[in-house]
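This is coords08.pdb (PDB, C-alpha atoms).
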ATOM      1  CA  MET M 599     107.732  94.018 120.441  1.00  0.00           C
ATOM      2  CA  THR M 600     104.858  96.136 121.678  1.00  0.00           C
ATOM      3  CA  ARG M 601     101.613  96.781 119.913  1.00  0.00           C
ATOM      4  CA  SER M 602      99.170  99.533 120.758  1.00  0.00           C
ATOM      5  CA  SER M 603      96.035  98.509 122.582  1.00  0.00           C
ATOM      6  CA  LYS M 604      93.866 100.699 120.348  1.00  0.00           C
ATOM      7  CA  GLY M 605      90.952  98.812 118.924  1.00  0.00           C
ATOM      8  CA  GLY M 606      89.083  97.521 121.938  1.00  0.00           C
ATOM      9  CA  ASP M 607      91.317  94.508 122.520  1.00  0.00           C
ATOM     10  CA  GLU M 608      94.447  93.797 124.486  1.00  0.00           C
ATOM     11  CA  GLY M 609      97.889  94.438 123.017  1.00  0.00           C
ATOM     12  CA  VAL M 610     100.755  92.010 123.419  1.00  0.00           C
ATOM     13  CA  SER M 611     104.241  92.845 124.625  1.00  0.00           C
ATOM     14  CA  GLU M 612     106.993  90.276 124.153  1.00  0.00           C
ATOM     15  CA  GLY M 613     109.756  92.113 125.989  1.00  0.00           C
ATOM     16  CA  GLY M 614     111.311  90.843 129.197  1.00  0.00           C
ATOM     17  CA  GLY M 615     111.034  87.078 128.912  1.00  0.00           C
ATOM     18  CA  GLY M 616     107.695  86.252 127.378  1.00  0.00           C
ATOM     19  CA  LYS M 617     104.300  87.552 126.412  1.00  0.00           C
ATOM     20  CA  ARG M 618     102.282  89.773 128.698  1.00  0.00           C
ATOM     21  CA  ARG M 619      98.980  91.462 128.107  1.00  0.00           C
ATOM     22  CA  LEU M 620      98.672  95.237 127.997  1.00  0.00           C
ATOM     23  CA  GLY M 621      95.632  97.283 128.990  1.00  0.00           C
ATOM     24  CA  ARG M 622      92.348  97.402 127.121  1.00  0.00           C
ATOM     25  CA  ALA M 623      91.151 100.359 125.103  1.00  0.00           C
ATOM     26  CA  GLU M 624      87.517 101.216 125.706  1.00  0.00           C
ATOM     27  CA  LYS M 625      86.466 102.038 122.167  1.00  0.00           C
ATOM     28  CA  VAL M 626      87.677 102.028 118.568  1.00  0.00           C
ATOM     29  CA  ASP M 627      88.391 105.501 117.202  1.00  0.00           C
ATOM     30  CA  GLU M 628      85.969 105.554 114.244  1.00  0.00           C
ATOM     31  CA  LYS M 629      87.946 108.108 112.238  1.00  0.00           C
ATOM     32  CA  LEU M 630      91.165 106.090 112.573  1.00  0.00           C
ATOM     33  CA  PHE M 631      89.341 102.846 111.756  1.00  0.00           C
ATOM     34  CA  LYS M 632      87.807 104.278 108.559  1.00  0.00           C
ATOM     35  CA  GLU M 633      91.233 105.567 107.489  1.00  0.00           C
ATOM     36  CA  ALA M 634      92.784 102.146 108.204  1.00  0.00           C
ATOM     37  CA  VAL M 635      90.102 100.453 106.052  1.00  0.00           C
ATOM     38  CA  ARG M 636      90.717 102.938 103.238  1.00  0.00           C
ATOM     39  CA  ARG M 637      94.481 102.312 103.391  1.00  0.00           C
ATOM     40  CA  ALA M 638      94.034  98.529 103.542  1.00  0.00           C
ATOM     41  CA  LEU M 639      91.895  98.595 100.403  1.00  0.00           C
ATOM     42  CA  SER M 640      94.238 100.893  98.470  1.00  0.00           C
ATOM     43  CA  GLN M 641      97.507  99.228  99.568  1.00  0.00           C
ATOM     44  CA  PRO M 642      97.097  95.821 101.243  1.00  0.00           C
ATOM     45  CA  ARG M 643     100.794  94.899 101.157  1.00  0.00           C
ATOM     46  CA  LEU M 644     102.992  94.899 104.256  1.00  0.00           C
ATOM     47  CA  ALA M 645     106.767  94.636 104.486  1.00  0.00           C
ATOM     48  CA  PHE M 646     109.190  93.784 107.260  1.00  0.00           C
ATOM     49  CA  TYR M 647     112.917  93.202 107.624  1.00  0.00           C
ATOM     50  CA  SER M 648     114.089  89.682 108.451  1.00  0.00           C
ATOM     51  CA  PRO M 649     117.051  88.057 106.701  1.00  0.00           C
ATOM     52  CA  VAL M 650     116.319  84.770 108.513  1.00  0.00           C
ATOM     53  CA  ALA M 651     112.683  84.653 107.363  1.00  0.00           C
ATOM     54  CA  SER M 652     113.764  85.684 103.878  1.00  0.00           C
ATOM     55  CA  CYS M 653     116.290  82.866 103.653  1.00  0.00           C
ATOM     56  CA  VAL M 654     113.942  80.151 104.927  1.00  0.00           C
ATOM     57  CA  LEU M 655     110.950  81.258 102.857  1.00  0.00           C
ATOM     58  CA  ASN M 656     112.955  81.737  99.667  1.00  0.00           C
ATOM     59  CA  TYR M 657     114.369  78.236 100.149  1.00  0.00           C
ATOM     60  CA  TRP M 658     110.826  76.843 100.427  1.00  0.00           C
ATOM     61  CA  LYS M 659     109.709  78.865  97.408  1.00  0.00           C
ATOM     62  CA  SER M 660     112.481  77.234  95.361  1.00  0.00           C
ATOM     63  CA  ALA M 661     112.060  73.730  96.811  1.00  0.00           C
ATOM     64  CA  VAL M 662     108.275  73.370  97.005  1.00  0.00           C
ATOM     65  CA  PRO M 663     106.170  73.689  93.832  1.00  0.00           C
ATOM     66  CA  ARG M 664     103.487  76.382  94.080  1.00  0.00           C
ATOM     67  CA  PHE M 665     104.646  77.552  97.540  1.00  0.00           C
ATOM     68  CA  SER M 666     103.523  81.136  98.076  1.00  0.00           C
ATOM     69  CA  ILE M 667     105.485  83.269 100.511  1.00  0.00           C
ATOM     70  CA  SER M 668     102.735  85.900 100.602  1.00  0.00           C
ATOM     71  CA  GLU M 669      99.984  83.376 101.273  1.00  0.00           C
ATOM     72  CA  PHE M 670     102.029  81.676 103.991  1.00  0.00           C
ATOM     73  CA  LEU M 671     102.897  84.933 105.777  1.00  0.00           C
ATOM     74  CA  ALA M 672      99.347  86.289 105.484  1.00  0.00           C
ATOM     75  CA  LYS M 673      97.987  83.210 107.275  1.00  0.00           C
ATOM     76  CA  ILE M 674     100.512  83.534 110.096  1.00  0.00           C
ATOM     77  CA  VAL M 675     100.048  87.273 110.558  1.00  0.00           C
ATOM     78  CA  GLU M 676      96.248  87.127 110.396  1.00  0.00           C
ATOM     79  CA  ARG M 677      96.136  84.259 112.909  1.00  0.00           C
ATOM     80  CA  GLU M 678      98.287  86.231 115.366  1.00  0.00           C
ATOM     81  CA  ILE M 679      96.267  89.424 114.835  1.00  0.00           C
ATOM     82  CA  SER M 680      93.045  87.495 115.497  1.00  0.00           C
ATOM     83  CA  LYS M 681      94.528  86.314 118.815  1.00  0.00           C
ATOM     84  CA  ALA M 682      95.914  89.709 119.861  1.00  0.00           C
ATOM     85  CA  TRP M 683      92.876  91.822 118.935  1.00  0.00           C
ATOM     86  CA  PRO M 684      89.889  89.468 118.360  1.00  0.00           C
ATOM     87  CA  LYS M 685      87.134  92.116 118.381  1.00  0.00           C
ATOM     88  CA  LEU M 686      88.988  94.465 116.049  1.00  0.00           C
ATOM     89  CA  TYR M 687      89.911  91.536 113.790  1.00  0.00           C
ATOM     90  CA  LYS M 688      86.276  90.381 113.454  1.00  0.00           C
ATOM     91  CA  ARG M 689      85.070  93.919 112.839  1.00  0.00           C
ATOM     92  CA  THR M 690      87.763  94.434 110.211  1.00  0.00           C
ATOM     93  CA  LEU M 691      86.779  91.231 108.381  1.00  0.00           C
ATOM     94  CA  ARG M 692      83.131  92.348 108.308  1.00  0.00           C
ATOM     95  CA  GLU M 693      84.004  95.827 107.067  1.00  0.00           C
ATOM     96  CA  LEU M 694      86.406  94.643 104.369  1.00  0.00           C
ATOM     97  CA  LYS M 695      83.966  91.992 103.122  1.00  0.00           C
ATOM     98  CA  LYS M 696      81.245  94.634 102.939  1.00  0.00           C
ATOM     99  CA  LYS M 697      83.534  96.990 100.969  1.00  0.00           C
ATOM    100  CA  THR M 698      84.999  94.379  98.608  1.00  0.00           C
ATOM    101  CA  GLY M 699      82.125  91.989  98.021  1.00  0.00           C
ATOM    102  CA  SER M 700      83.530  88.570  97.169  1.00  0.00           C
ATOM    103  CA  ARG M 701      87.237  89.462  96.846  1.00  0.00           C
ATOM    104  CA  ARG M 702      89.586  87.733  99.270  1.00  0.00           C
ATOM    105  CA  VAL M 703      89.962  89.580 102.546  1.00  0.00           C
ATOM    106  CA  GLY M 704      91.550  86.881 104.642  1.00  0.00           C
ATOM    107  CA  GLY M 705      90.279  85.069 107.658  1.00  0.00           C
ATOM    108  CA  VAL M 706      91.905  82.356 109.727  1.00  0.00           C
TER     109      VAL M 706
END
Starting from the coordinates I provided, produce the structure as structure tokens.
Amino acid sequence: MTRSSKGGDEGVSEGGGGKRRLGRAEKVDEKLFKEAVRRALSQPRLAFYSPVASCVLNYWKSAVPRFSISEFLAKIVEREISKAWPKLYKRTLRELKKKTGSRRVGGV
């Protein structure tokens, strides 16, 4: 899996036997960042394909009272994003909190 290094932080590539760091981008593209914030506020849901994750998480949803698949996945994804792109992650938290006031915006 390879992620773009846009956003002023390093990307992570997990191909070829482990994680390796990709190059750094010098600066966040302000136009792209504003569009990303707008999209995040209008549609904050993400989706991915994984029958294995679906099976395990649906089992836990059935077996554990009040288990939330969305909450669980959000914590994992946000933690990994904060590690991969720490500067962009912190800036995003600030911007979303400013735009939403007290509504939940995440944070690890």
Write out as a PDB file with C-alpha atoms, in the frame of the given file which residues come within 10 Å of Ala672 (chain M) when counting all atoms listed in the file, dropping same-chain ones fewer than 4 positions away.
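Result file is around.pdb:
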ATOM      1  CA  ARG M 643     100.794  94.899 101.157  1.00  0.00           C
ATOM      2  CA  LEU M 644     102.992  94.899 104.256  1.00  0.00           C
ATOM      3  CA  SER M 666     103.523  81.136  98.076  1.00  0.00           C
ATOM      4  CA  ILE M 667     105.485  83.269 100.511  1.00  0.00           C
ATOM      5  CA  SER M 668     102.735  85.900 100.602  1.00  0.00           C
ATOM      6  CA  GLU M 676      96.248  87.127 110.396  1.00  0.00           C
ATOM      7  CA  ARG M 677      96.136  84.259 112.909  1.00  0.00           C
ATOM      8  CA  GLU M 678      98.287  86.231 115.366  1.00  0.00           C
ATOM      9  CA  GLY M 704      91.550  86.881 104.642  1.00  0.00           C
ATOM     10  CA  GLY M 705      90.279  85.069 107.658  1.00  0.00           C
ATOM     11  CA  VAL M 706      91.905  82.356 109.727  1.00  0.00           C
TER      12      VAL M 706
END
### Message
Ranking M:Val675, M:Val626, M:Ala682, M:Glu633 by minimum distance to Phe646 (chain M) and counting only C-alpha atoms, which one comes first?
### Response
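Checking each of M:Val675, M:Val626, M:Ala682, M:Glu633 against Phe646 (chain M), counting only C-alpha atoms, the winner is M:Val675.
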### Message
Quick check, in Å to one decimal: how far apart do CA of Leu655 (chain M) and CA of Leu686 (chain M) lie?
### Response
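Going from CA of Leu655 (chain M) over to CA of Leu686 (chain M) covers 28.8 Å.
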### Between CA of Ser660 (chain M) and CA of Pro642 (chain M), distance in Å (one decimal)
24.8 Å
### Query
Do you have the CA of Lys632 (chain M)-CA of Thr690 (chain M) distance handy?
10.0 Å
### Message
Need to verify the contact set: Val635 (chain M), 10 Å, all atoms listed in the file, exclusion of same-chain residues closer than 3 positions in sequence. Can you return it as number ranges by chain?
### Response
M: 630-632, 638-642, 690, 693-694, 697
Could you write those residues out with C-alpha atoms, as a PDB file, in the coordinates of the input?
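Below is the file part.pdb, written as the result:
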ATOM      1  CA  LEU M 630      91.165 106.090 112.573  1.00  0.00           C
ATOM      2  CA  PHE M 631      89.341 102.846 111.756  1.00  0.00           C
ATOM      3  CA  LYS M 632      87.807 104.278 108.559  1.00  0.00           C
ATOM      4  CA  ALA M 638      94.034  98.529 103.542  1.00  0.00           C
ATOM      5  CA  LEU M 639      91.895  98.595 100.403  1.00  0.00           C
ATOM      6  CA  SER M 640      94.238 100.893  98.470  1.00  0.00           C
ATOM      7  CA  GLN M 641      97.507  99.228  99.568  1.00  0.00           C
ATOM      8  CA  PRO M 642      97.097  95.821 101.243  1.00  0.00           C
ATOM      9  CA  THR M 690      87.763  94.434 110.211  1.00  0.00           C
ATOM     10  CA  GLU M 693      84.004  95.827 107.067  1.00  0.00           C
ATOM     11  CA  LEU M 694      86.406  94.643 104.369  1.00  0.00           C
ATOM     12  CA  LYS M 697      83.534  96.990 100.969  1.00  0.00           C
TER      13      LYS M 697
END
### Query
Nearest to Lys673 (chain M): which of M:Val650, M:Arg689, M:Val703, M:Lys695 is it, counting all atoms listed in the file?
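Nearest to Lys673 (chain M): M:Val703.
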Once 6 Å is added on each side, what centre and edge lengths in Å to one decimal does the axis-aligned box around all listed atoms of region 673-676 of chain M have, as JSON?
{"center_x": 98.4, "center_y": 85.2, "center_z": 108.9, "size_x": 16.3, "size_y": 16.1, "size_z": 15.3}
